[in-house]
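Structure file query04.txt with compact mmCIF, C-alpha atoms and all ligand atoms:
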```
# COMPACT_ATOMS: atom_id res chain seq x y z
CA MET A 72 96.48 139.96 -97.20
CA GLU A 73 94.43 140.54 -100.30
CA LEU A 74 93.62 136.84 -100.73
CA ARG A 75 92.36 136.41 -97.17
CA GLY A 76 90.27 139.56 -97.56
CA ALA A 77 88.58 137.97 -100.61
CA MET A 78 87.64 134.92 -98.49
CA ASP A 79 85.44 137.12 -96.30
CA GLY A 80 81.94 136.21 -97.47
CA TRP A 81 80.40 133.59 -99.72
CA GLY A 82 81.89 132.74 -103.09
CA CYS A 83 85.11 131.67 -104.80
CA PRO A 84 87.84 134.11 -103.68
CA LEU A 85 89.63 133.87 -107.04
CA CYS A 86 86.42 134.87 -108.87
CA ARG A 87 86.12 137.84 -106.52
CA LEU A 88 89.75 138.93 -107.01
CA VAL A 89 89.46 138.55 -110.79
CA ALA A 90 86.24 140.59 -110.83
CA LYS A 91 87.92 143.32 -108.80
CA ALA A 92 90.95 143.45 -111.12
CA GLU A 93 88.68 143.54 -114.19
CA MET A 94 86.64 146.42 -112.79
CA THR A 95 89.75 148.42 -111.86
CA TYR A 96 91.09 147.88 -115.39
CA LEU A 97 87.82 148.83 -117.12
CA ASP A 98 87.51 151.88 -114.86
CA SER A 99 90.99 152.99 -115.84
CA LEU A 100 90.19 152.58 -119.57
CA ASN A 101 86.97 154.47 -119.03
CA TYR A 102 88.54 157.47 -117.33
CA GLU A 103 91.93 157.73 -119.01
CA ARG A 104 90.90 159.23 -122.27
CA VAL A 105 94.23 158.49 -123.92
CA LEU A 106 95.12 154.80 -123.94
CA ASP A 107 98.75 153.74 -123.85
CA PHE A 108 100.40 152.03 -126.83
CA ASN A 109 100.36 148.55 -125.29
CA THR A 110 96.64 148.74 -124.65
CA TRP A 111 96.00 149.97 -128.19
CA ASP A 112 98.14 147.18 -129.66
CA ALA A 113 96.34 144.56 -127.59
CA LEU A 114 92.90 145.94 -128.46
CA GLN A 115 93.76 146.03 -132.17
CA ALA A 116 95.06 142.45 -132.12
CA SER A 117 91.95 141.23 -130.28
CA ARG A 118 89.63 143.32 -132.52
CA GLY A 119 88.24 145.08 -129.48
CA MET A 120 87.27 143.58 -126.18
CA CYS A 121 85.40 140.27 -125.86
CA GLU A 122 81.62 140.37 -125.41
CA PRO A 123 81.43 140.05 -121.59
CA HIS A 124 84.16 142.66 -121.04
CA SER A 125 82.70 145.05 -123.65
CA ARG A 126 79.32 144.74 -121.99
CA ALA A 127 80.85 145.28 -118.55
CA TRP A 128 82.50 148.44 -119.88
CA GLU A 129 79.17 149.49 -121.41
CA ARG A 130 77.60 149.37 -117.92
CA LEU A 131 80.04 152.01 -116.59
CA SER A 132 78.83 155.57 -116.69
CA GLY A 133 80.67 157.77 -119.15
CA CYS A 134 81.60 154.77 -121.32
CA ALA A 135 80.46 156.17 -124.67
CA LEU A 136 83.57 158.09 -125.79
CA GLY A 137 86.04 155.36 -124.82
CA LEU A 138 83.97 152.66 -126.51
CA ALA A 139 83.57 154.87 -129.59
CA MET A 140 87.36 155.31 -129.84
CA VAL A 141 88.15 151.63 -129.40
CA ASN A 142 85.50 150.41 -131.81
CA ARG A 143 86.39 153.06 -134.39
CA VAL A 144 89.81 151.40 -134.60
CA VAL A 145 88.17 147.96 -134.76
CA LEU A 146 86.05 149.08 -137.73
CA LEU A 147 89.03 150.71 -139.43
CA ASN A 148 90.91 147.42 -139.25
CA LEU A 149 87.90 145.50 -140.57
CA GLN A 150 87.84 147.80 -143.58
CA ARG A 151 91.54 147.19 -144.16
CA ALA A 152 91.23 143.43 -143.75
CA THR A 153 88.43 143.19 -146.31
CA ASP A 154 89.81 145.69 -148.84
CA PRO A 155 89.63 143.81 -152.20
CA LYS A 156 92.64 145.77 -153.50
CA LYS A 157 94.80 144.43 -150.69
CA SER A 158 93.62 140.82 -150.70
CA PRO A 159 96.64 138.48 -150.43
CA ALA A 160 94.86 136.01 -152.72
CA LYS A 161 94.91 138.55 -155.56
CA SER A 162 98.61 139.06 -155.53
CA GLY A 163 100.79 136.45 -157.19
CA LEU A 164 100.56 134.71 -160.48
CA PHE A 165 97.04 133.35 -160.58
CA ARG A 166 95.14 136.32 -159.14
CA ARG A 167 92.50 134.11 -157.53
CA ALA A 168 89.55 135.80 -155.86
CA ALA A 169 89.57 135.63 -152.06
CA THR A 170 87.33 132.79 -150.90
CA PRO A 171 84.90 133.24 -147.99
CA ALA A 172 87.32 131.13 -145.94
CA HIS A 173 90.13 133.62 -146.69
CA LEU A 174 87.89 136.43 -145.57
CA ALA A 175 86.91 134.59 -142.40
CA GLU A 176 90.58 134.14 -141.66
CA ALA A 177 91.32 137.81 -142.38
CA LEU A 178 88.63 138.78 -139.87
CA GLU A 179 90.10 136.62 -137.11
CA SER A 180 91.73 138.25 -134.13
CA SER A 181 95.43 137.69 -133.55
CA GLY A 182 95.42 138.23 -129.78
CA GLU A 183 93.33 137.75 -126.67
CA CYS A 184 91.09 140.47 -125.20
CA PRO A 185 93.39 142.42 -122.82
CA ALA A 186 90.85 142.23 -119.98
CA CYS A 187 90.76 138.42 -120.41
CA THR A 188 94.58 138.35 -120.27
CA LEU A 189 94.50 140.39 -117.08
CA ALA A 190 91.82 138.11 -115.60
CA ALA A 191 93.86 134.99 -116.37
CA ASP A 192 97.05 136.54 -114.93
CA THR A 193 95.22 137.61 -111.76
CA ALA A 194 93.74 134.14 -111.26
CA THR A 195 97.10 132.37 -111.65
CA ARG A 196 98.89 134.86 -109.39
CA PHE A 197 96.40 134.35 -106.55
CA ALA A 198 96.21 130.59 -107.17
CA ASP A 199 99.94 130.50 -106.39
CA VAL A 200 99.43 132.60 -103.24
CA LEU A 201 96.62 130.25 -102.14
CA LEU A 202 98.78 127.15 -102.62
CA LYS A 203 101.23 128.56 -100.08
CA ASP A 204 98.65 130.02 -97.70
CA ILE A 205 96.34 126.98 -97.58
CA ARG A 206 98.76 125.11 -95.35
CA GLU A 207 97.81 127.50 -92.50
CA SER A 208 94.75 126.36 -90.55
CA GLU A 209 93.40 129.92 -90.46
CA SER A 210 93.40 130.04 -94.24
CA GLN A 211 91.71 126.63 -94.43
CA ALA A 212 88.93 127.85 -92.11
CA LEU A 213 88.42 131.01 -94.17
CA LEU A 214 88.28 129.07 -97.44
CA ARG A 215 85.81 126.61 -95.92
CA GLU A 216 83.59 129.50 -94.78
CA SER A 217 83.69 131.09 -98.25
CA GLY A 218 82.52 127.83 -99.87
CA GLY A 219 85.88 127.10 -101.52
CA LEU A 220 86.97 127.71 -105.09
CA CYS A 221 84.69 127.30 -108.08
CA LEU A 222 85.47 124.28 -110.25
CA PRO A 223 87.30 126.25 -113.01
CA HIS A 224 89.55 127.94 -110.42
CA LEU A 225 90.12 124.73 -108.46
CA ARG A 226 91.29 123.03 -111.68
CA LEU A 227 93.52 126.01 -112.48
CA THR A 228 95.06 125.96 -108.99
CA LEU A 229 95.73 122.21 -109.05
CA ALA A 230 97.36 122.54 -112.47
CA ARG A 231 99.89 125.15 -111.25
CA PRO A 232 103.50 124.08 -110.92
CA GLY A 233 104.15 123.54 -107.23
CA ALA A 234 100.52 122.54 -106.55
CA ARG A 235 101.80 119.41 -104.83
CA ARG A 236 102.56 121.39 -101.67
CA GLY A 237 99.02 122.64 -101.10
CA GLU A 238 97.06 119.91 -102.88
CA SER A 239 96.05 117.71 -99.92
CA ASP A 240 94.86 120.64 -97.75
CA LEU A 241 93.03 122.12 -100.71
CA ILE A 242 91.21 118.90 -101.53
CA ALA A 243 90.38 118.22 -97.87
CA VAL A 244 88.73 121.67 -97.52
CA HIS A 245 86.77 121.23 -100.76
CA ARG A 246 85.55 117.75 -99.88
CA GLU A 247 84.20 119.10 -96.57
CA VAL A 248 82.49 122.02 -98.30
CA TRP A 249 80.97 119.77 -100.97
CA ALA A 250 79.71 117.23 -98.40
CA ALA A 251 77.92 119.95 -96.39
CA LEU A 252 76.43 121.48 -99.53
CA MET A 253 75.39 118.07 -100.82
CA ALA A 254 73.39 117.43 -97.62
CA GLU A 255 71.58 120.76 -98.03
CA LEU A 256 70.94 120.14 -101.74
CA GLU A 257 69.44 116.75 -100.99
CA GLU A 258 67.12 118.28 -98.40
CA PHE A 259 66.20 121.03 -100.88
CA ILE A 260 65.28 118.42 -103.48
CA ARG A 261 63.44 116.22 -100.98
CA LYS A 262 61.38 119.12 -99.57
CA ASN A 263 60.35 120.13 -103.08
CA ASP A 264 58.44 116.85 -103.25
CA TYR A 265 54.75 117.55 -102.56
CA ARG A 266 54.69 114.82 -99.91
CA PHE A 267 57.17 116.78 -97.76
CA GLN A 268 56.05 120.30 -98.55
CA GLY A 269 54.91 120.81 -94.96
CA GLU A 270 58.54 120.67 -93.80
CA LYS A 271 60.14 124.09 -93.59
CA MET A 272 63.43 124.64 -95.42
CA THR A 273 66.42 126.11 -93.60
CA PRO A 274 68.00 129.27 -95.13
CA GLY A 275 71.00 127.15 -96.15
CA GLU A 276 68.81 124.60 -97.90
CA SER A 277 66.85 127.22 -99.82
CA THR A 278 70.03 128.83 -101.23
CA SER A 279 71.87 125.53 -101.78
CA TRP A 280 70.97 125.22 -105.48
CA ARG A 281 72.43 128.66 -106.22
CA ARG A 282 75.64 127.97 -104.27
CA ALA A 283 76.03 124.67 -106.12
CA LEU A 284 75.68 126.60 -109.39
CA ASP A 285 78.35 129.11 -108.26
CA ILE A 286 80.67 126.20 -107.52
CA SER A 287 80.21 124.52 -110.88
CA VAL A 288 80.56 127.59 -113.12
CA GLY A 289 82.10 130.36 -110.97
CA LEU A 290 80.54 133.55 -109.61
CA LYS A 291 78.34 135.62 -111.89
CA ARG A 292 80.32 138.48 -113.44
CA GLY A 293 79.40 141.91 -112.19
CA ALA A 294 77.43 140.41 -109.28
ZN ZN B 1 86.25 131.07 -109.22
ZN ZN B 2 87.65 139.68 -122.28
```
Since I need it in another form, could you write the structure as C-alpha cells?
Amino acid sequence: MELRGAMDGWGCPLCRLVAKAEMTYLDSLNYERVLDFNTWDALQASRGMCEPHSRAWERLSGCALGLAMVNRVVLLNLQRATDPKKSPAKSGLFRRAATPAHLAEALESSGECPACTLAADTATRFADVLLKDIRESESQALLRESGGLCLPHLRLTLARPGARRGESDLIAVHREVWAALMAELEEFIRKNDYRFQGEKMTPGESTSWRRALDISVGLKRGA
C-alpha cells in the first residue's frame, strides 16, 4: 500500500506523498514539451505556477524551455490585461480612466496553481485512506514510528467527512507521539542550560527541536 510505504521513515506520510506527487507532476511538465489543453488553461488562469512550485520546477535540469513557454503565456496575458485600449472602465458612457484598483483586479489570477490543486487532491485522497487504515494496529504502529501527521495534515484529516470512524485511533497515536517528543524537547532545553551542559544529549534529544518544527509546519518541500 502506497500510504504504508510512506510511513517508512521519519516525517508526516501525507507530506511525503504530496511531495512525491508534486515531483512526478513537475517532471512530466518538464519533459513533455507540449502541454495538454487542461494544463494550459489552468496555468493561464493561475498566471503561471505559484512561487514554491515554480522554484521547484526551476531546480529540475532541463527546465528552461518549459518555464520559458509557460511564462511567455503569462506575460502575454499581462499585456492583454493592462492594454489601455481594452480597459473595461473606458467603455460605457463616462469613459473613466482605470484606477490602480481596477488594474490590480485585472492582474489577479482566476484559478489556483495546478500543482497546488494536485497537492491538495493528493492530501485529501490519502487522508481518506488513512482514516480507514488507522483502525488496524499495524497502521497505528507505523504512524507512531513515523512521528504522525504534521499539524496542517492532521487538521485536514480530521475535517474530512467520515473522520469520525478513525478519529479516536488517530488522536491516541498523536498524543503518544507528542508526549514522547515533549519529553525529549524538555531535556533538549534543560541540557542547553549552562548548569547542565556536562550531561550528554541523546540522539533523539538533539534532533527533537527539528522534529517538533516538522510537526508544526509540515516537512520541508524538496527535502
Ligand atoms: Zn504533512
Ligand atoms: Zn503551487
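Minimum atom-to-atom distances from A:Leu241, A:Ser132, A:Ser210, A:Val144 to Trp111 (chain A) were compared using only C-alpha atoms, and the lowest value belongs to A:Val144.
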Note to self: Please return as a list in words the residues found within 8 Å of ligand ZN 1 (chain B), counting only C-alpha atoms and all ligand atoms.
What the structure shows: Gly82, Cys83, Pro84, Leu85, Cys86, Arg87, Leu220, Cys221, Leu222, Pro223, His224, Leu225, Ile286, Val288, Gly289 and Leu290 of chain A
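Rounded to one decimal, CA of Gly218 (chain A) and atom ZN of ligand ZN 2 (chain B) lie 25.9 Å from each other.
You can rank A:Thr188, A:Thr95, A:Thr153, A:Asn148 by their closest distance to ligand ZN 2 (chain B) using all atoms listed in the file, and at the top of that list sits A:Thr188.
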Next item on the list: Between A:Ala139, A:Leu131, A:Gln115, A:Arg126, single out the one closest to Leu178 (chain A), counting only C-alpha atoms.
Entry: A:Gln115
Item checked: Residue with smallest distance to Arg226 (chain A) - pool A:Ile242, A:Leu100, A:Leu214, A:Ile205, counting all atoms listed in the file -> A:Ile242
Protein and nucleic acid residues within 12 Å of ligand ZN 2 (chain B) (all atoms listed in the file) as a PDB file with C-alpha atoms, keeping the file's coordinate frame:
```pdb
ATOM      1  CA  VAL A  89      89.460 138.550-110.790  1.00  0.00           C
ATOM      2  CA  ALA A  90      86.240 140.590-110.830  1.00  0.00           C
ATOM      3  CA  GLU A  93      88.680 143.540-114.190  1.00  0.00           C
ATOM      4  CA  MET A  94      86.640 146.420-112.790  1.00  0.00           C
ATOM      5  CA  TYR A  96      91.090 147.880-115.390  1.00  0.00           C
ATOM      6  CA  LEU A  97      87.820 148.830-117.120  1.00  0.00           C
ATOM      7  CA  ALA A 113      96.340 144.560-127.590  1.00  0.00           C
ATOM      8  CA  LEU A 114      92.900 145.940-128.460  1.00  0.00           C
ATOM      9  CA  SER A 117      91.950 141.230-130.280  1.00  0.00           C
ATOM     10  CA  ARG A 118      89.630 143.320-132.520  1.00  0.00           C
ATOM     11  CA  GLY A 119      88.240 145.080-129.480  1.00  0.00           C
ATOM     12  CA  MET A 120      87.270 143.580-126.180  1.00  0.00           C
ATOM     13  CA  CYS A 121      85.400 140.270-125.860  1.00  0.00           C
ATOM     14  CA  GLU A 122      81.620 140.370-125.410  1.00  0.00           C
ATOM     15  CA  PRO A 123      81.430 140.050-121.590  1.00  0.00           C
ATOM     16  CA  HIS A 124      84.160 142.660-121.040  1.00  0.00           C
ATOM     17  CA  SER A 125      82.700 145.050-123.650  1.00  0.00           C
ATOM     18  CA  ARG A 126      79.320 144.740-121.990  1.00  0.00           C
ATOM     19  CA  ALA A 127      80.850 145.280-118.550  1.00  0.00           C
ATOM     20  CA  TRP A 128      82.500 148.440-119.880  1.00  0.00           C
ATOM     21  CA  GLY A 182      95.420 138.230-129.780  1.00  0.00           C
ATOM     22  CA  GLU A 183      93.330 137.750-126.670  1.00  0.00           C
ATOM     23  CA  CYS A 184      91.090 140.470-125.200  1.00  0.00           C
ATOM     24  CA  PRO A 185      93.390 142.420-122.820  1.00  0.00           C
ATOM     25  CA  ALA A 186      90.850 142.230-119.980  1.00  0.00           C
ATOM     26  CA  CYS A 187      90.760 138.420-120.410  1.00  0.00           C
ATOM     27  CA  THR A 188      94.580 138.350-120.270  1.00  0.00           C
ATOM     28  CA  LEU A 189      94.500 140.390-117.080  1.00  0.00           C
ATOM     29  CA  ALA A 190      91.820 138.110-115.600  1.00  0.00           C
ATOM     30  CA  ALA A 191      93.860 134.990-116.370  1.00  0.00           C
ATOM     31  CA  ARG A 292      80.320 138.480-113.440  1.00  0.00           C
TER      32      ARG A 292
END
```
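Using all atoms listed in the file, the nearest neighbour of Met78 (chain A) within the list A:Arg151, A:Arg246, A:Arg215, A:Arg266 is A:Arg215.
CA of Ser277 (chain A) to CA of Ala212 (chain A) spans 23.4 Å [interatomic distance, one decimal].
The space separating CA of Asn142 (chain A) from CA of Glu103 (chain A) comes to 16.1 Å.
Shortest atom-to-atom contact with Arg196 (chain A) among A:Leu284, A:Leu213, A:Leu74, A:Leu174: A:Leu74, counting all atoms listed in the file.
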Next item on the list: Fewer than 3 positions away in the same chain doesn't count, so skip those; otherwise give me all residues within 8 Å of Lys203 (chain A), counting only C-alpha atoms, as a VMD selection string.
Entry: chain A and resid 199 to 200 206 236 to 237
Selection from above, C-alpha atoms, as an mmCIF file, in the coordinates of the input, can you write it?
```cif
data_model
loop_
_atom_site.group_PDB
_atom_site.id
_atom_site.type_symbol
_atom_site.label_atom_id
_atom_site.label_comp_id
_atom_site.auth_asym_id
_atom_site.auth_seq_id
_atom_site.Cartn_x
_atom_site.Cartn_y
_atom_site.Cartn_z
ATOM 1 C CA ASP A 199 99.940 130.500 -106.390
ATOM 2 C CA VAL A 200 99.430 132.600 -103.240
ATOM 3 C CA ARG A 206 98.760 125.110 -95.350
ATOM 4 C CA ARG A 236 102.560 121.390 -101.670
ATOM 5 C CA GLY A 237 99.020 122.640 -101.100
#
```
Next item on the list: Write out as a list in words the residues lying within 9 Å of Met272 (chain A), counting only C-alpha atoms and excluding same-chain residues fewer than 5 positions away.
Entry: Glu258, Phe259, Lys262 and Ser277 of chain A
Output file: region 125-164 of chain A, N, CA and C atoms, as a PDB file, in the first residue's frame:
```
ATOM      1  N   SER A 125       7.026  26.969  -8.845  1.00  0.00           N
ATOM      2  CA  SER A 125       7.895  27.467  -9.928  1.00  0.00           C
ATOM      3  C   SER A 125       9.354  27.222  -9.576  1.00  0.00           C
ATOM      4  N   ARG A 126       9.675  27.501  -8.313  1.00  0.00           N
ATOM      5  CA  ARG A 126      11.076  27.324  -7.894  1.00  0.00           C
ATOM      6  C   ARG A 126      11.468  25.856  -7.869  1.00  0.00           C
ATOM      7  N   ALA A 127      10.513  24.990  -7.535  1.00  0.00           N
ATOM      8  CA  ALA A 127      10.805  23.548  -7.548  1.00  0.00           C
ATOM      9  C   ALA A 127      11.053  23.096  -8.989  1.00  0.00           C
ATOM     10  N   TRP A 128      10.265  23.628  -9.912  1.00  0.00           N
ATOM     11  CA  TRP A 128      10.462  23.317 -11.334  1.00  0.00           C
ATOM     12  C   TRP A 128      11.834  23.834 -11.784  1.00  0.00           C
ATOM     13  N   GLU A 129      12.159  25.053 -11.328  1.00  0.00           N
ATOM     14  CA  GLU A 129      13.442  25.668 -11.715  1.00  0.00           C
ATOM     15  C   GLU A 129      14.636  24.804 -11.295  1.00  0.00           C
ATOM     16  N   ARG A 130      14.462  24.012 -10.220  1.00  0.00           N
ATOM     17  CA  ARG A 130      15.569  23.167  -9.750  1.00  0.00           C
ATOM     18  C   ARG A 130      15.755  21.897 -10.586  1.00  0.00           C
ATOM     19  N   LEU A 131      14.791  21.601 -11.488  1.00  0.00           N
ATOM     20  CA  LEU A 131      14.937  20.405 -12.325  1.00  0.00           C
ATOM     21  C   LEU A 131      15.850  20.718 -13.505  1.00  0.00           C
ATOM     22  N   SER A 132      16.664  19.741 -13.882  1.00  0.00           N
ATOM     23  CA  SER A 132      17.535  20.044 -15.021  1.00  0.00           C
ATOM     24  C   SER A 132      16.703  20.028 -16.302  1.00  0.00           C
ATOM     25  N   GLY A 133      17.067  20.896 -17.224  1.00  0.00           N
ATOM     26  CA  GLY A 133      16.329  20.997 -18.477  1.00  0.00           C
ATOM     27  C   GLY A 133      15.025  21.745 -18.336  1.00  0.00           C
ATOM     28  N   CYS A 134      14.941  22.639 -17.310  1.00  0.00           N
ATOM     29  CA  CYS A 134      13.685  23.345 -17.038  1.00  0.00           C
ATOM     30  C   CYS A 134      13.466  24.560 -17.935  1.00  0.00           C
ATOM     31  N   ALA A 135      14.546  25.065 -18.548  1.00  0.00           N
ATOM     32  CA  ALA A 135      14.494  26.404 -19.151  1.00  0.00           C
ATOM     33  C   ALA A 135      13.409  26.549 -20.223  1.00  0.00           C
ATOM     34  N   LEU A 136      13.337  25.599 -21.154  1.00  0.00           N
ATOM     35  CA  LEU A 136      12.386  25.761 -22.261  1.00  0.00           C
ATOM     36  C   LEU A 136      10.935  25.723 -21.761  1.00  0.00           C
ATOM     37  N   GLY A 137      10.633  24.771 -20.896  1.00  0.00           N
ATOM     38  CA  GLY A 137       9.269  24.661 -20.367  1.00  0.00           C
ATOM     39  C   GLY A 137       8.867  25.920 -19.616  1.00  0.00           C
ATOM     40  N   LEU A 138       9.773  26.415 -18.764  1.00  0.00           N
ATOM     41  CA  LEU A 138       9.468  27.628 -17.997  1.00  0.00           C
ATOM     42  C   LEU A 138       9.343  28.835 -18.922  1.00  0.00           C
ATOM     43  N   ALA A 139      10.152  28.863 -19.985  1.00  0.00           N
ATOM     44  CA  ALA A 139      10.057  29.966 -20.953  1.00  0.00           C
ATOM     45  C   ALA A 139       8.684  29.951 -21.612  1.00  0.00           C
ATOM     46  N   MET A 140       8.207  28.762 -21.999  1.00  0.00           N
ATOM     47  CA  MET A 140       6.919  28.667 -22.690  1.00  0.00           C
ATOM     48  C   MET A 140       5.762  29.064 -21.780  1.00  0.00           C
ATOM     49  N   VAL A 141       5.798  28.577 -20.555  1.00  0.00           N
ATOM     50  CA  VAL A 141       4.709  28.906 -19.614  1.00  0.00           C
ATOM     51  C   VAL A 141       4.707  30.403 -19.315  1.00  0.00           C
ATOM     52  N   ASN A 142       5.867  30.950 -19.017  1.00  0.00           N
ATOM     53  CA  ASN A 142       5.898  32.355 -18.602  1.00  0.00           C
ATOM     54  C   ASN A 142       5.760  33.325 -19.772  1.00  0.00           C
ATOM     55  N   ARG A 143       5.993  32.837 -20.990  1.00  0.00           N
ATOM     56  CA  ARG A 143       5.686  33.649 -22.170  1.00  0.00           C
ATOM     57  C   ARG A 143       4.173  33.895 -22.219  1.00  0.00           C
ATOM     58  N   VAL A 144       3.405  32.850 -21.954  1.00  0.00           N
ATOM     59  CA  VAL A 144       1.944  32.987 -21.967  1.00  0.00           C
ATOM     60  C   VAL A 144       1.481  33.876 -20.811  1.00  0.00           C
ATOM     61  N   VAL A 145       2.149  33.743 -19.659  1.00  0.00           N
ATOM     62  CA  VAL A 145       1.809  34.610 -18.516  1.00  0.00           C
ATOM     63  C   VAL A 145       2.002  36.070 -18.914  1.00  0.00           C
ATOM     64  N   LEU A 146       3.143  36.382 -19.526  1.00  0.00           N
ATOM     65  CA  LEU A 146       3.432  37.771 -19.912  1.00  0.00           C
ATOM     66  C   LEU A 146       2.455  38.275 -20.970  1.00  0.00           C
ATOM     67  N   LEU A 147       2.124  37.406 -21.916  1.00  0.00           N
ATOM     68  CA  LEU A 147       1.164  37.763 -22.965  1.00  0.00           C
ATOM     69  C   LEU A 147      -0.164  38.179 -22.331  1.00  0.00           C
ATOM     70  N   ASN A 148      -0.603  37.420 -21.360  1.00  0.00           N
ATOM     71  CA  ASN A 148      -1.865  37.726 -20.688  1.00  0.00           C
ATOM     72  C   ASN A 148      -1.772  38.990 -19.835  1.00  0.00           C
ATOM     73  N   LEU A 149      -0.588  39.262 -19.291  1.00  0.00           N
ATOM     74  CA  LEU A 149      -0.418  40.514 -18.531  1.00  0.00           C
ATOM     75  C   LEU A 149      -0.523  41.714 -19.471  1.00  0.00           C
ATOM     76  N   GLN A 150       0.029  41.556 -20.665  1.00  0.00           N
ATOM     77  CA  GLN A 150      -0.074  42.646 -21.654  1.00  0.00           C
ATOM     78  C   GLN A 150      -1.529  42.884 -22.027  1.00  0.00           C
ATOM     79  N   ARG A 151      -2.254  41.808 -22.233  1.00  0.00           N
ATOM     80  CA  ARG A 151      -3.681  41.935 -22.585  1.00  0.00           C
ATOM     81  C   ARG A 151      -4.469  42.582 -21.456  1.00  0.00           C
ATOM     82  N   ALA A 152      -4.193  42.145 -20.234  1.00  0.00           N
ATOM     83  CA  ALA A 152      -4.972  42.636 -19.086  1.00  0.00           C
ATOM     84  C   ALA A 152      -4.732  44.112 -18.812  1.00  0.00           C
ATOM     85  N   THR A 153      -3.568  44.626 -19.220  1.00  0.00           N
ATOM     86  CA  THR A 153      -3.261  46.031 -18.920  1.00  0.00           C
ATOM     87  C   THR A 153      -3.346  46.911 -20.167  1.00  0.00           C
ATOM     88  N   ASP A 154      -3.852  46.373 -21.259  1.00  0.00           N
ATOM     89  CA  ASP A 154      -3.955  47.140 -22.505  1.00  0.00           C
ATOM     90  C   ASP A 154      -4.957  48.281 -22.316  1.00  0.00           C
ATOM     91  N   PRO A 155      -4.496  49.554 -22.393  1.00  0.00           N
ATOM     92  CA  PRO A 155      -5.420  50.678 -22.119  1.00  0.00           C
ATOM     93  C   PRO A 155      -6.588  50.710 -23.094  1.00  0.00           C
ATOM     94  N   LYS A 156      -6.391  50.185 -24.304  1.00  0.00           N
ATOM     95  CA  LYS A 156      -7.473  50.222 -25.302  1.00  0.00           C
ATOM     96  C   LYS A 156      -8.593  49.244 -24.954  1.00  0.00           C
ATOM     97  N   LYS A 157      -8.247  48.254 -24.118  1.00  0.00           N
ATOM     98  CA  LYS A 157      -9.263  47.246 -23.797  1.00  0.00           C
ATOM     99  C   LYS A 157      -9.766  47.358 -22.365  1.00  0.00           C
ATOM    100  N   SER A 158      -9.447  48.480 -21.699  1.00  0.00           N
ATOM    101  CA  SER A 158      -9.841  48.608 -20.304  1.00  0.00           C
ATOM    102  C   SER A 158     -11.363  48.648 -20.172  1.00  0.00           C
ATOM    103  N   PRO A 159     -11.953  47.824 -19.323  1.00  0.00           N
ATOM    104  CA  PRO A 159     -13.421  47.830 -19.182  1.00  0.00           C
ATOM    105  C   PRO A 159     -13.925  49.171 -18.661  1.00  0.00           C
ATOM    106  N   ALA A 160     -13.078  49.882 -17.904  1.00  0.00           N
ATOM    107  CA  ALA A 160     -13.508  51.165 -17.343  1.00  0.00           C
ATOM    108  C   ALA A 160     -13.683  52.227 -18.433  1.00  0.00           C
ATOM    109  N   LYS A 161     -13.035  52.006 -19.583  1.00  0.00           N
ATOM    110  CA  LYS A 161     -13.108  53.033 -20.638  1.00  0.00           C
ATOM    111  C   LYS A 161     -14.297  52.845 -21.571  1.00  0.00           C
ATOM    112  N   SER A 162     -14.884  51.678 -21.483  1.00  0.00           N
ATOM    113  CA  SER A 162     -16.078  51.501 -22.294  1.00  0.00           C
ATOM    114  C   SER A 162     -17.251  52.087 -21.500  1.00  0.00           C
ATOM    115  N   GLY A 163     -18.359  52.271 -22.126  1.00  0.00           N
ATOM    116  CA  GLY A 163     -19.515  52.823 -21.415  1.00  0.00           C
ATOM    117  C   GLY A 163     -19.545  54.332 -21.525  1.00  0.00           C
ATOM    118  N   LEU A 164     -20.518  54.886 -20.888  1.00  0.00           N
ATOM    119  CA  LEU A 164     -20.861  56.290 -21.096  1.00  0.00           C
ATOM    120  C   LEU A 164     -19.811  57.273 -20.598  1.00  0.00           C
TER     121      LEU A 164
END
```
